[in-house]
Structure formats: C-alpha cells, structure tokens
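Listing of target-v4.cif, mmCIF, C-alpha atoms and all ligand atoms
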```cif
data_my_file
#
loop_
_atom_site.label_atom_id
_atom_site.label_comp_id
_atom_site.auth_asym_id
_atom_site.auth_seq_id
_atom_site.Cartn_x
_atom_site.Cartn_y
_atom_site.Cartn_z
CA MET L 1 0.00 0.00 0.00
CA SER L 2 1.21 3.52 -0.80
CA VAL L 3 2.30 5.82 1.97
CA ASN L 4 -0.03 8.81 2.49
CA HIS L 5 0.78 12.52 2.66
CA GLU L 6 0.13 12.73 6.43
CA GLU L 7 2.68 9.99 7.18
CA ILE L 8 5.21 11.78 5.00
CA LEU L 9 4.64 15.16 6.66
CA ASN L 10 4.86 13.54 10.10
CA ALA L 11 8.24 12.06 9.22
CA LEU L 12 9.45 15.39 7.85
CA ARG L 13 8.41 17.19 11.02
CA GLY L 14 11.17 15.19 12.75
CA VAL L 15 13.94 16.80 10.67
CA GLU L 16 15.65 19.85 12.15
CA LEU L 17 16.74 22.56 9.74
CA PRO L 18 20.13 24.31 10.05
CA PHE L 19 18.33 27.61 10.64
CA GLY L 20 15.84 26.16 13.17
CA GLY L 21 12.39 24.57 12.92
CA ASP L 22 11.38 21.76 10.59
CA PRO L 23 10.47 21.87 6.89
CA VAL L 24 6.73 21.38 7.48
CA THR L 25 6.16 24.08 10.09
CA GLN L 26 8.46 26.37 8.06
CA ASN L 27 6.08 25.77 5.11
CA MET L 28 8.83 24.64 2.75
CA ILE L 29 7.26 21.54 1.19
CA ARG L 30 5.90 22.07 -2.32
CA ALA L 31 4.40 19.77 -4.97
CA LEU L 32 4.37 16.67 -2.76
CA ASP L 33 3.62 13.73 -5.01
CA VAL L 34 3.37 10.03 -4.24
CA SER L 35 3.42 7.70 -7.25
CA GLY L 36 3.32 4.11 -6.07
CA ASN L 37 6.39 3.74 -3.88
CA ILE L 38 8.10 6.90 -5.13
CA VAL L 39 7.86 10.12 -3.10
CA ARG L 40 8.83 13.44 -4.67
CA PHE L 41 8.63 17.00 -3.58
CA VAL L 42 10.27 20.36 -3.88
CA LEU L 43 11.91 21.85 -0.80
CA GLU L 44 11.61 25.59 -1.15
CA ALA L 45 14.08 27.59 0.94
CA PRO L 46 13.45 31.25 1.77
CA SER L 47 16.72 32.29 0.06
CA ALA L 48 19.43 30.86 -2.16
CA ASP L 49 21.90 31.14 0.75
CA GLN L 50 19.70 29.00 2.99
CA ALA L 51 19.05 26.58 0.15
CA ARG L 52 22.78 25.95 -0.13
CA LYS L 53 22.92 24.84 3.53
CA LEU L 54 20.07 22.36 3.17
CA GLU L 55 21.90 19.35 1.75
CA PRO L 56 22.41 17.55 5.13
CA ALA L 57 18.74 18.14 6.03
CA ARG L 58 17.68 16.87 2.59
CA MET L 59 19.68 13.67 3.18
CA GLU L 60 18.08 13.27 6.60
CA MET L 61 14.60 13.69 5.05
CA GLU L 62 15.44 11.10 2.43
CA ARG L 63 16.59 8.67 5.16
CA LYS L 64 13.44 9.20 7.22
CA LEU L 65 11.13 8.71 4.25
CA LEU L 66 12.93 5.62 3.04
CA ALA L 67 12.37 4.14 6.50
CA LEU L 68 8.57 4.37 5.98
CA THR L 69 6.74 1.27 4.81
CA GLY L 70 5.85 1.53 1.14
CA VAL L 71 8.58 4.02 0.19
CA GLU L 72 11.35 2.79 -2.11
CA LYS L 73 12.53 5.94 -3.80
CA VAL L 74 12.64 9.55 -2.70
CA SER L 75 13.37 12.56 -4.88
CA ILE L 76 13.75 15.93 -3.16
CA VAL L 77 14.65 18.99 -5.20
CA ILE L 78 15.83 22.08 -3.36
CA THR L 79 14.79 25.44 -4.76
CA ALA L 80 15.13 28.95 -3.40
CA HIS L 81 12.34 31.45 -3.03
CA GLY L 82 14.46 34.60 -2.78
CA PRO L 83 16.68 36.17 -5.41
CA ALA L 84 18.82 33.62 -7.18
CA GLN L 85 22.52 34.07 -7.87
CA ALA L 86 23.37 36.27 -10.79
CA ALA L 87 23.43 33.94 -13.75
CA PRO L 88 25.70 34.20 -16.76
CA THR L 89 23.88 35.65 -19.73
CA ALA L 90 24.45 33.83 -22.97
CA PRO L 91 25.53 34.22 -25.61
CA SER L 92 28.07 36.98 -24.80
CA ALA L 93 31.70 35.94 -25.08
CA PRO L 94 32.77 33.79 -22.13
CA PRO L 95 35.79 34.83 -20.07
CA ALA L 96 38.94 32.89 -20.86
CA THR L 97 40.34 30.51 -18.25
CA PRO L 98 44.02 30.79 -17.16
CA SER L 99 44.94 28.21 -19.82
CA GLY L 100 43.35 30.41 -22.48
CA GLN L 101 40.60 27.85 -23.07
CA PRO L 102 36.98 29.00 -22.91
CA PRO L 103 35.21 27.52 -19.88
CA ALA L 104 32.64 24.75 -20.25
CA LEU L 105 29.17 26.12 -20.86
CA LYS L 106 27.20 26.44 -17.66
CA ILE L 107 23.66 25.17 -17.80
CA GLY L 108 21.04 26.93 -15.70
CA ARG L 109 20.37 30.65 -16.09
CA HIS L 110 17.49 33.04 -16.31
CA PRO L 111 15.69 32.87 -19.64
CA THR L 112 16.40 35.52 -22.23
CA PRO L 113 13.21 37.38 -23.18
CA GLN L 114 11.54 36.09 -26.30
CA ALA L 115 8.45 37.18 -28.17
CA GLY L 116 5.98 34.40 -28.96
CA LYS L 117 6.61 30.79 -29.96
CA GLN L 118 9.86 30.05 -31.76
CA GLY L 119 11.14 27.08 -33.70
CA VAL L 120 14.71 25.79 -33.60
CA PRO L 121 16.69 26.42 -36.81
CA GLY L 122 17.37 23.16 -38.67
CA ILE L 123 14.70 21.17 -36.84
CA LYS L 124 11.61 20.40 -38.92
CA ARG L 125 9.32 19.08 -36.19
CA ILE L 126 9.37 19.09 -32.41
CA LEU L 127 7.31 16.46 -30.61
CA ALA L 128 6.79 16.56 -26.85
CA VAL L 129 6.26 13.25 -25.07
CA ALA L 130 4.27 13.93 -21.91
CA SER L 131 2.47 12.16 -19.10
CA GLY L 132 0.19 13.27 -16.34
CA LYS L 133 2.10 11.37 -13.66
CA GLY L 134 5.55 9.88 -13.19
CA GLY L 135 6.54 6.30 -13.75
CA VAL L 136 4.09 5.49 -16.54
CA GLY L 137 6.88 4.99 -19.09
CA LYS L 138 7.20 8.37 -20.81
CA SER L 139 11.01 8.13 -20.95
CA THR L 140 10.86 4.51 -22.13
CA VAL L 141 8.49 5.51 -24.94
CA SER L 142 10.64 8.56 -25.85
CA SER L 143 13.89 6.61 -26.16
CA ASN L 144 12.33 3.67 -28.01
CA LEU L 145 10.39 5.93 -30.34
CA ALA L 146 13.54 7.94 -31.10
CA VAL L 147 15.50 4.77 -31.91
CA ALA L 148 12.61 3.32 -33.96
CA LEU L 149 12.35 6.53 -36.00
CA ALA L 150 16.12 6.54 -36.57
CA ARG L 151 15.82 2.95 -37.83
CA GLN L 152 13.36 4.22 -40.43
CA GLY L 153 16.01 6.62 -41.72
CA ARG L 154 14.73 9.73 -40.00
CA ARG L 155 17.22 12.21 -38.56
CA VAL L 156 16.16 12.19 -34.94
CA GLY L 157 17.09 14.18 -31.86
CA LEU L 158 16.16 13.32 -28.30
CA LEU L 159 16.12 16.00 -25.61
CA ASP L 160 15.71 14.83 -22.03
CA ALA L 161 13.96 17.77 -20.40
CA ASP L 162 13.06 15.83 -17.26
CA ILE L 163 15.10 18.17 -15.12
CA TYR L 164 14.12 16.56 -11.80
CA GLY L 165 14.72 12.95 -12.87
CA PRO L 166 16.67 12.71 -16.12
CA SER L 167 16.74 9.08 -17.24
CA GLN L 168 17.80 9.24 -20.88
CA PRO L 169 21.56 8.99 -20.22
CA ARG L 170 20.93 5.58 -18.61
CA MET L 171 18.31 4.46 -21.13
CA MET L 172 20.41 5.48 -24.15
CA GLY L 173 23.66 4.27 -22.57
CA VAL L 174 25.40 7.63 -22.59
CA THR L 175 27.58 8.85 -19.75
CA LYS L 176 30.03 11.22 -21.40
CA LYS L 177 29.68 14.89 -20.56
CA PRO L 178 28.97 16.79 -23.78
CA ALA L 179 31.73 19.13 -24.89
CA SER L 180 31.41 22.85 -25.30
CA PRO L 181 34.65 23.83 -27.05
CA ASP L 182 33.55 27.42 -27.66
CA GLY L 183 31.91 27.86 -24.25
CA GLN L 184 28.73 29.00 -25.96
CA THR L 185 27.25 25.99 -27.67
CA ILE L 186 27.08 22.34 -26.66
CA GLU L 187 27.96 19.40 -28.88
CA PRO L 188 25.24 16.76 -28.45
CA LEU L 189 26.07 13.05 -28.26
CA ASP L 190 25.11 10.21 -30.55
CA ALA L 191 23.55 6.96 -29.35
CA HIS L 192 21.83 4.27 -31.41
CA GLY L 193 21.61 6.64 -34.39
CA VAL L 194 19.94 9.37 -32.33
CA THR L 195 21.41 12.81 -31.55
CA MET L 196 20.80 13.23 -27.85
CA MET L 197 21.18 15.68 -25.05
CA SER L 198 20.11 15.55 -21.45
CA ILE L 199 20.22 17.94 -18.57
CA GLY L 200 21.44 14.86 -16.66
CA LEU L 201 24.69 14.97 -18.66
CA MET L 202 25.38 18.54 -17.60
CA VAL L 203 24.89 18.19 -13.83
CA LYS L 204 26.12 15.55 -11.36
CA GLU L 205 23.65 12.65 -11.05
CA ASP L 206 22.75 13.21 -7.40
CA GLU L 207 23.35 16.93 -7.31
CA ALA L 208 20.48 18.84 -5.72
CA ILE L 209 19.72 21.59 -8.18
CA VAL L 210 19.10 24.94 -6.55
CA TRP L 211 16.98 26.29 -9.34
CA ARG L 212 13.77 28.21 -9.27
CA GLY L 213 11.18 28.18 -12.07
CA PRO L 214 12.91 30.85 -14.18
CA MET L 215 16.25 29.00 -13.96
CA LEU L 216 14.56 25.83 -15.20
CA MET L 217 13.11 27.75 -18.11
CA GLY L 218 16.49 29.25 -18.91
CA ALA L 219 18.07 25.78 -18.86
CA LEU L 220 15.43 24.48 -21.25
CA GLN L 221 15.96 27.45 -23.53
CA GLN L 222 19.70 26.66 -23.53
CA MET L 223 19.02 22.99 -24.30
CA LEU L 224 16.99 24.00 -27.34
CA GLY L 225 18.95 26.98 -28.57
CA GLN L 226 22.57 26.31 -27.61
CA VAL L 227 22.86 22.62 -28.50
CA GLN L 228 24.25 22.01 -31.98
CA TRP L 229 21.34 19.83 -33.08
CA GLY L 230 22.16 20.13 -36.78
CA GLU L 231 19.51 19.23 -39.37
CA LEU L 232 16.80 17.04 -37.86
CA ASP L 233 13.54 15.67 -39.21
CA VAL L 234 12.20 15.45 -35.70
CA LEU L 235 13.26 16.34 -32.17
CA ILE L 236 11.58 14.34 -29.42
CA ILE L 237 11.39 16.07 -26.06
CA ASP L 238 11.00 13.83 -23.02
CA LEU L 239 9.15 16.13 -20.62
CA PRO L 240 9.03 15.92 -16.85
CA PRO L 241 5.78 14.35 -15.62
CA GLY L 242 2.80 16.57 -14.89
CA THR L 243 1.94 20.11 -15.85
CA GLY L 244 4.61 22.28 -14.20
CA ASP L 245 6.79 25.21 -15.20
CA VAL L 246 8.90 23.35 -17.75
CA GLN L 247 5.90 22.04 -19.69
CA LEU L 248 4.13 25.39 -19.63
CA THR L 249 7.17 27.32 -20.81
CA LEU L 250 7.91 24.83 -23.53
CA CYS L 251 4.35 25.09 -24.87
CA GLN L 252 4.32 28.87 -24.67
CA LYS L 253 7.77 29.56 -26.08
CA THR L 254 8.47 26.76 -28.55
CA GLN L 255 6.79 25.97 -31.82
CA LEU L 256 5.78 22.39 -31.05
CA SER L 257 4.37 20.22 -33.84
CA GLY L 258 2.41 18.33 -31.24
CA ALA L 259 2.36 16.30 -28.08
CA ILE L 260 2.05 12.58 -27.44
CA VAL L 261 0.59 11.66 -24.07
CA VAL L 262 1.60 8.38 -22.42
CA SER L 263 -0.57 6.75 -19.77
CA THR L 264 -1.10 3.39 -18.18
CA PRO L 265 -4.69 2.11 -18.35
CA GLN L 266 -5.34 2.77 -14.64
CA ASP L 267 -8.06 5.30 -13.83
CA VAL L 268 -5.71 7.25 -11.59
CA ALA L 269 -3.10 7.62 -14.34
CA LEU L 270 -5.78 8.55 -16.86
CA LEU L 271 -7.11 11.24 -14.57
CA ASP L 272 -3.68 12.88 -14.59
CA ALA L 273 -3.28 12.31 -18.33
CA ARG L 274 -6.51 14.29 -18.86
CA ARG L 275 -4.91 17.22 -17.04
CA ALA L 276 -1.90 17.10 -19.37
CA ILE L 277 -4.20 16.94 -22.41
CA SER L 278 -6.20 19.89 -21.19
CA MET L 279 -2.97 21.88 -20.67
CA PHE L 280 -1.93 21.24 -24.29
CA ASP L 281 -5.43 22.21 -25.49
CA LYS L 282 -5.34 25.48 -23.58
CA LEU L 283 -1.91 26.32 -24.97
CA SER L 284 -2.92 25.40 -28.53
CA VAL L 285 -0.52 22.49 -28.89
CA PRO L 286 -2.15 19.70 -30.91
CA VAL L 287 -2.33 16.37 -29.09
CA LEU L 288 -1.22 13.94 -31.79
CA GLY L 289 -2.39 10.92 -29.86
CA LEU L 290 -2.41 8.81 -26.73
CA ILE L 291 -0.32 5.73 -25.99
CA GLU L 292 -1.26 3.00 -23.54
CA ASN L 293 1.90 1.72 -21.88
CA MET L 294 2.04 -1.39 -19.68
CA SER L 295 -1.13 -2.40 -21.47
CA THR L 296 -0.77 -6.14 -21.16
CA TYR L 297 1.69 -8.54 -19.57
CA ILE L 298 2.57 -11.88 -21.08
CA CYS L 299 4.31 -14.25 -18.69
CA PRO L 300 7.60 -15.29 -20.31
CA GLN L 301 7.32 -18.70 -18.57
CA CYS L 302 3.78 -19.84 -19.38
CA GLY L 303 2.46 -17.35 -21.94
CA HIS L 304 -0.46 -16.32 -19.72
CA GLU L 305 -1.70 -12.82 -20.50
CA ALA L 306 -2.61 -10.54 -17.60
CA HIS L 307 -3.81 -6.94 -17.46
CA ILE L 308 -1.96 -5.70 -14.41
CA PHE L 309 -3.03 -2.07 -14.71
CA GLY L 310 -6.31 -2.80 -16.52
CA HIS L 311 -6.62 -2.70 -20.28
CA GLY L 312 -8.18 -0.54 -22.97
CA GLY L 313 -8.77 2.54 -20.80
CA VAL L 314 -6.50 4.78 -22.87
CA ALA L 315 -8.10 3.76 -26.19
CA GLN L 316 -11.53 4.53 -24.71
CA GLU L 317 -10.32 7.89 -23.46
CA ALA L 318 -8.84 8.72 -26.89
CA ALA L 319 -12.17 7.89 -28.55
CA LYS L 320 -14.04 9.97 -25.99
CA ILE L 321 -11.95 13.11 -26.52
CA ASN L 322 -11.56 12.46 -30.22
CA VAL L 323 -7.78 12.17 -30.50
CA PRO L 324 -5.95 9.29 -32.20
CA PHE L 325 -5.03 6.22 -30.18
CA LEU L 326 -1.46 5.54 -31.26
CA GLY L 327 -1.04 2.09 -29.79
CA ALA L 328 -0.70 -0.22 -26.82
CA LEU L 329 2.73 -1.22 -25.53
CA PRO L 330 3.17 -4.37 -23.45
CA LEU L 331 4.67 -4.50 -19.98
CA ALA L 332 7.72 -6.69 -20.47
CA LEU L 333 10.72 -7.49 -18.34
CA ASP L 334 13.03 -7.29 -21.37
CA THR L 335 11.83 -3.75 -22.12
CA ARG L 336 12.83 -2.68 -18.63
CA LEU L 337 16.14 -4.55 -18.75
CA ALA L 338 16.95 -3.06 -22.15
CA GLY L 339 16.26 0.45 -20.82
CA ASP L 340 18.42 -0.16 -17.77
CA SER L 341 21.27 -1.51 -19.88
CA GLY L 342 21.40 1.50 -22.21
CA THR L 343 20.18 -0.18 -25.41
CA PRO L 344 16.47 0.45 -25.91
CA ILE L 345 14.49 -2.64 -26.89
CA ALA L 346 13.53 -0.94 -30.19
CA ALA L 347 17.21 -1.13 -31.24
CA GLY L 348 17.01 -4.94 -31.39
CA GLU L 349 15.16 -7.56 -33.39
CA SER L 350 12.92 -9.08 -30.72
CA ASP L 351 9.10 -9.15 -30.95
CA LEU L 352 9.07 -6.43 -28.31
CA ALA L 353 10.67 -3.99 -30.77
CA ALA L 354 7.72 -4.36 -33.16
CA PRO L 355 5.16 -2.10 -31.41
CA TYR L 356 7.70 0.74 -31.27
CA LEU L 357 8.61 0.30 -34.93
CA ALA L 358 4.87 0.29 -35.78
CA LEU L 359 4.41 3.48 -33.76
CA ALA L 360 7.30 5.12 -35.61
CA GLU L 361 5.88 4.01 -38.97
CA ARG L 362 2.52 5.43 -38.09
CA LEU L 363 4.01 8.80 -37.15
CA VAL L 364 6.14 8.93 -40.30
CA GLY L 365 3.15 7.83 -42.44
CA GLY L 366 1.01 10.56 -40.90
CA GLY L 367 3.66 13.23 -41.59
CA MET L 368 4.20 13.68 -37.85
CA ALA L 369 7.85 12.58 -37.72
N1 LIG V 1 6.49 -1.25 -21.19
C1 LIG V 1 7.31 -1.43 -20.16
N2 LIG V 1 7.68 -2.68 -19.77
C2 LIG V 1 8.50 -2.85 -18.69
N3 LIG V 1 9.00 -1.87 -17.96
C3 LIG V 1 8.67 -0.62 -18.32
C4 LIG V 1 7.81 -0.33 -19.43
N4 LIG V 1 7.67 1.03 -19.51
C5 LIG V 1 8.41 1.54 -18.51
N5 LIG V 1 9.01 0.56 -17.80
C6 LIG V 1 9.89 0.71 -16.63
O1 LIG V 1 9.18 1.47 -15.65
C7 LIG V 1 10.05 2.40 -15.02
C8 LIG V 1 9.51 3.82 -15.25
O2 LIG V 1 9.56 4.08 -16.63
P1 LIG V 1 10.00 5.48 -17.21
O3 LIG V 1 11.20 6.02 -16.51
O4 LIG V 1 10.05 5.35 -18.69
O5 LIG V 1 8.72 6.31 -16.78
P2 LIG V 1 8.49 7.87 -16.78
O6 LIG V 1 7.04 8.06 -17.03
O7 LIG V 1 9.43 8.56 -17.70
O8 LIG V 1 8.84 8.19 -15.28
P3 LIG V 1 9.42 9.55 -14.67
O9 LIG V 1 8.65 10.63 -15.28
O10 LIG V 1 9.16 9.34 -13.21
O11 LIG V 1 10.86 9.61 -15.05
C9 LIG V 1 11.42 2.19 -15.63
O12 LIG V 1 12.15 1.31 -14.82
C10 LIG V 1 11.13 1.51 -16.98
O13 LIG V 1 12.17 0.64 -17.38
#
```
In structure tokens, what does this structure look like?
Amino acid sequence: MSVNHEEILNALRGVELPFGGDPVTQNMIRALDVSGNIVRFVLEAPSADQARKLEPARMEMERKLLALTGVEKVSIVITAHGPAQAAPTAPSAPPATPSGQPPALKIGRHPTPQAGKQGVPGIKRILAVASGKGGVGKSTVSSNLAVALARQGRRVGLLDADIYGPSQPRMMGVTKKPASPDGQTIEPLDAHGVTMMSIGLMVKEDEAIVWRGPMLMGALQQMLGQVQWGELDVLIIDLPPGTGDVQLTLCQKTQLSGAIVVSTPQDVALLDARRAISMFDKLSVPVLGLIENMSTYICPQCGHEAHIFGHGGVAQEAAKINVPFLGALPLALDTRLAGDSGTPIAAGESDLAAPYLALAERLVGGGMA
C-alpha cells in the first residue's frame, strides 16, 4: 500500500533545519507527489543562501522517508524562493580561463526574453512526449520511439527535459559529458543513431539543483537553442511528468508540432493524463495521440496474459476526446532490462521492438515525424 501525505509530513516534522524549525512548520514543502512507492517534492528555501545549507537536512529527510513502509525511492529537489545568484547571460563571449581555453558552458540561467513561440533552426518538427504522472513509461516511450524513428532513416534528436529525474543517459547508454569547445554551444552526443542531449549529462547525477522556475526555463531554452542539433527531421522532447513550469514554458515559447501523451490504463493515471491533455489544449498544442503503456503482460514462462493495470482505458479515453489512439505497448521485463542496460528494446530484433517500430511508422506515415 502507498504511503499517504500525512505519514510523509509527520516524518518530515522530525527533521531539524540548520536555521531552526522543521520543513513542514516552516512551510517549505511544495508539490508533494506520491506515485506508487516513489515520493517526490520540492523543498523551497526562503533564500538561495539558505538553500545551499540544506543538503544535510535533505539527506536526513530522504533517510526518514525511506524508513517508511511503502517508500522505495525519494526525490527531493531544493529550490530557493528569494533572489537567485546572478546567472551568466548567454551568448556573450565567455571569459577565458588561465589556460586560455573557454570555460565549459554552464547550464542553468534566467531565460532571455523572447516574443511568442519560436522554432529551432534546422529542426523540422518538435514532438513533446508527456504524461500526467511519473513512472508510466514516458522516458521509455521517448527513447524507443527515437530509436525506432532513426531505424526508419529519419534524422532524430532526443532531448531529455526531465530536469528533476533525467533518465535518458541511462536508457540510451550515454555517460560522457557533452563538450562545449567554444563555451557558448554544446555538442550533443550520438547513441543508437539518435542525436541526444540531457540535462542529466550537464549536472552531477545526485546533485540537488538549486533552481527556481525561471532557472529551469532558462536551462530548457539553452538545451533548445545552444545545443548544436544540426539538421533534424524530428526532435523528441522527453518532458518531466505533470503540468509544471517546464511544460508550460515549452508550450508557450516553442513551436511544437504536437504532443504525445503516455498513460497506463489505470483510472488514476488517466485522470492525470486528462490534465496534461487539457494543458496542451489550452496552450494550442495539438495532441497527436495517446499511448497506452504497460497495457498487457505476457508471462515469459507460461504465456499467460494478464492486465496488471487494466486494459483498454486509454483507447476509450482517446475515442471519448476524439484524439488518435497511437497504440498499446506491453509491460515486459526485457523492455525494462533493455532500458536499464542502455540499449532500448527498439534497437534490437525481438518481438518487443515491433510495437515501437509500428508506432514510428505510423508517425512517419502521418507526416508527424
Ligand atoms: N512497457 C514497459 N515494460 C516494462 N518496464 C517498463 C515499461 N515502460 C516503462 N518501464 C519501466 O518502468 C520504469 C519507469 O519508466 P519510465 O522512466 O520510462 O517512466 P516515466 O514516465 O518517464 O517516469 P518519470 O517521469 O518518473 O521519469 C522504468 O524502470 C522503466 O524501465
């Protein structure tokens, strides 16, 4: 059974902050979300200075929450409420280091003002892959779809914009930090025929990012505008789950060709997916279709088929709101193992690659990718 919010807040009340009090009575907990056995929230400090002193308290909170029954993973992001540090403004010339080399490009800054929605030069289409809640397989779909499209000869980019939990470096098997020889632009990496970039490659894996909303938006702007994407038929953006700052900014500031919404068939996931769909509607981003992930499970031992999260709910929802149903993807151990090992299942020849290749074909056939 999942842990509830009250149990979480009770545990957090037991953590003493370096400047006195606890995070609950100091009203610092934001966006508390429990998805299955994963607990996430934002810890908002009154100032950037205080935020910088919070790391030991954050670790203590993580320890206390992991000790609760039903909690297996905890993600706490520290942000600051007060004025953030002055951020470097790109793209002015960077100062030279003592060796004469330009410094590596720093990700995370305030956004530069921009009028209206803009495209990215050289990129024909930008598709956002979204979900209402975490853990439904949005990143798995993004990486496999990118690889499947590349296998069809498309020039594909993959941008991991899941700033709070970037998973594409692991799923695409990339660990190298991208280079920025001129200190102003970033050279993306190549994996399985896909040009990829992730915020996770620019910051340390377990680094608590002291960024407020505007910094996140600036980082996203940098990821789109300062990465040397080259000529692409399609850029797939793996969004963070939900309908927060990053999603809103992306929809308002970037010329998106459309969004694909991933959900499991469960009612609770669908409820959240509806929120994501309504956000895209309000911001005039066409929803190109819905995908049902973890739709069916076939036991590798006996062949028995089970519908662990229900079945068919996403297709019904798509029919109800009159958007295309793009397909059902099975829950399969090998899909998870492939993602964990850095070679998406769609890169191989197994039967499990077929639904992703079919999805890619459908998008290419419909002029969407
Ligand atoms: N069809 C599938 N079969 C088996 N495992 C899957 C499938 N889809 C996703 N998973 C696994 O479920 C976990 C969550 O998937 P993933 O990271 O893609 O979800 P997400 O929606 O992007 O989550 P978050 O937004 O929290 O990062 C991963 O371990 C992934 O390997």
Inset, instruction - Work out how far atom CA of Ile260 of chain L is from atom CA of Val287 of chain L, in Å to one decimal. - result: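 Atom CA of Ile260 of chain L lies at a distance of 6.0 Å from atom CA of Val287 of chain L.
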Legend entry - Given 6 Å and all atoms listed in the file, residues near ligand LIG 1 (chain V) as a ChimeraX atom specification: /L:134-140,165,240-241,293-294,329-333,335-336,339
Produce a file of the selected residues containing C-alpha atoms, as a short mmCIF file (atom, residue, chain, number, x, y, z; two decimals), keeping the file's coordinate frame.
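Ended up saving to selection21.cif:
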```
data_model
loop_
_atom_site.label_atom_id
_atom_site.label_comp_id
_atom_site.auth_asym_id
_atom_site.auth_seq_id
_atom_site.Cartn_x
_atom_site.Cartn_y
_atom_site.Cartn_z
CA GLY L 134 5.55 9.88 -13.19
CA GLY L 135 6.54 6.30 -13.75
CA VAL L 136 4.09 5.49 -16.54
CA GLY L 137 6.88 4.99 -19.09
CA LYS L 138 7.20 8.37 -20.81
CA SER L 139 11.01 8.13 -20.95
CA THR L 140 10.86 4.51 -22.13
CA GLY L 165 14.72 12.95 -12.87
CA PRO L 240 9.03 15.92 -16.85
CA PRO L 241 5.78 14.35 -15.62
CA ASN L 293 1.90 1.72 -21.88
CA MET L 294 2.04 -1.39 -19.68
CA LEU L 329 2.73 -1.22 -25.53
CA PRO L 330 3.17 -4.37 -23.45
CA LEU L 331 4.67 -4.50 -19.98
CA ALA L 332 7.72 -6.69 -20.47
CA LEU L 333 10.72 -7.49 -18.34
CA THR L 335 11.83 -3.75 -22.12
CA ARG L 336 12.83 -2.68 -18.63
CA GLY L 339 16.26 0.45 -20.82
#
```
Inset, instruction - Might you pull out every residue within 6 Å of segment 303-315 of chain L, with all atoms listed in the file counted and same-chain residues fewer than 2 positions away left off, and present them as JSON, numbers by chain? - result: {"L": [265, 266, 292, 295, 296, 297, 298, 299, 300, 317, 318, 325]}
Hey, what's within 9 Å of Ala353 of chain L if we count all atoms listed in the file and toss same-chain stuff fewer than 4 positions away? As a PDB file with C-alpha atoms, in the coordinates of the input, please?
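File around.pdb, as written:
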```pdb
ATOM      1  CA  ASN L 144      12.330   3.670 -28.010  1.00  0.00           C
ATOM      2  CA  ALA L 148      12.610   3.320 -33.960  1.00  0.00           C
ATOM      3  CA  THR L 335      11.830  -3.750 -22.120  1.00  0.00           C
ATOM      4  CA  PRO L 344      16.470   0.450 -25.910  1.00  0.00           C
ATOM      5  CA  ILE L 345      14.490  -2.640 -26.890  1.00  0.00           C
ATOM      6  CA  ALA L 346      13.530  -0.940 -30.190  1.00  0.00           C
ATOM      7  CA  ALA L 347      17.210  -1.130 -31.240  1.00  0.00           C
ATOM      8  CA  GLY L 348      17.010  -4.940 -31.390  1.00  0.00           C
ATOM      9  CA  GLU L 349      15.160  -7.560 -33.390  1.00  0.00           C
ATOM     10  CA  LEU L 357       8.610   0.300 -34.930  1.00  0.00           C
ATOM     11  CA  ALA L 358       4.870   0.290 -35.780  1.00  0.00           C
TER      12      ALA L 358
END
```
Inset, instruction - Show which residues sit within 8 Å of Ala269 of chain L, as a PyMOL selection string. Count all atoms listed in the file, and ignore same-chain residues fewer than 4 positions away. - result: chain L and resi 132-133+136+263-265+273
